[in-house]
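For reference, the structure discussed in these notes is given below.
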Amino acid sequence: MNTHFPKLKTNAQKEAKNYLEQYVLDFSPKIDPLFTKYRRTDPITSRQAAEDVMDKITDIQQKVLDYALDRGYLGFTDEQMNVYFQTHKSTYRSRRAELVKKGLIVDAGTTRDKMTVWVHKEYSND
């Protein structure tokens with residue numbers, strides 16, 4: 001980085017310069033924080049760890065994916081999924097929403113009982 005600093009005499013001044021270069025004077029494009037798992041000022045190792053976590057599938061997400069595969073082209077509504085998993089809470093619906101964001105579950109383009117029908121991406125018409 002070509003930042004102009006006065007001649008540095010102490011280690012503390014050098015550390016301050018390094019900190020400024022690494023964290024404060026980062027002019028890289030800003031990413032919407034809603035879609036990130038790290039702060040702009042985090043070190044690269046935190047960014048790498050966040051990317052690794054974002055790619056992982058949790059146990060409940062995997063159960064929802066397996067259910068979607070089992071349903072095939074028929075797909076499922078959130079209500080049908082809750083009946084299958086014997087719950088009325090939002091746990092499985094929230095995991096399904098996360099999988100939609102990851103592109104693994106998609107809107108089938110139809111409704112059933114006025115609810116969106118979801119399918120595994122392998123059964124998508126797109």
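By order in the structure tokens, chains are A, B, ...; within a chain, residues start at 1; ligands start at 1, following the order shown.
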
message: List the spatial neighbours of region 98-115 of chain A as JSON, numbers by chain - criterion: any atom at most 12 Å away, only C-alpha atoms, same-chain residues fewer than 2 positions off excluded.
response: {"A": [35, 54, 55, 56, 57, 58, 60, 61, 62, 63, 64, 65, 66, 67, 68, 69, 71, 72, 73, 74, 75, 76, 77, 78, 79, 80, 81, 91, 92, 93, 94, 95, 96, 117, 118, 119, 120, 121, 122, 123, 124, 125, 126]}

statement: Computed gap from CA of Arg47 (chain A) to CA of Lys14 (chain A) is 24.6 Å

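Coordinates place CA of Ala16 (chain A) at a distance of 25.5 Å from CA of Ala49 (chain A).
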
Interatomic distance (Å, one decimal) between CA of Ile44 (chain A) and CA of Lys17 (chain A): 17.8 Å
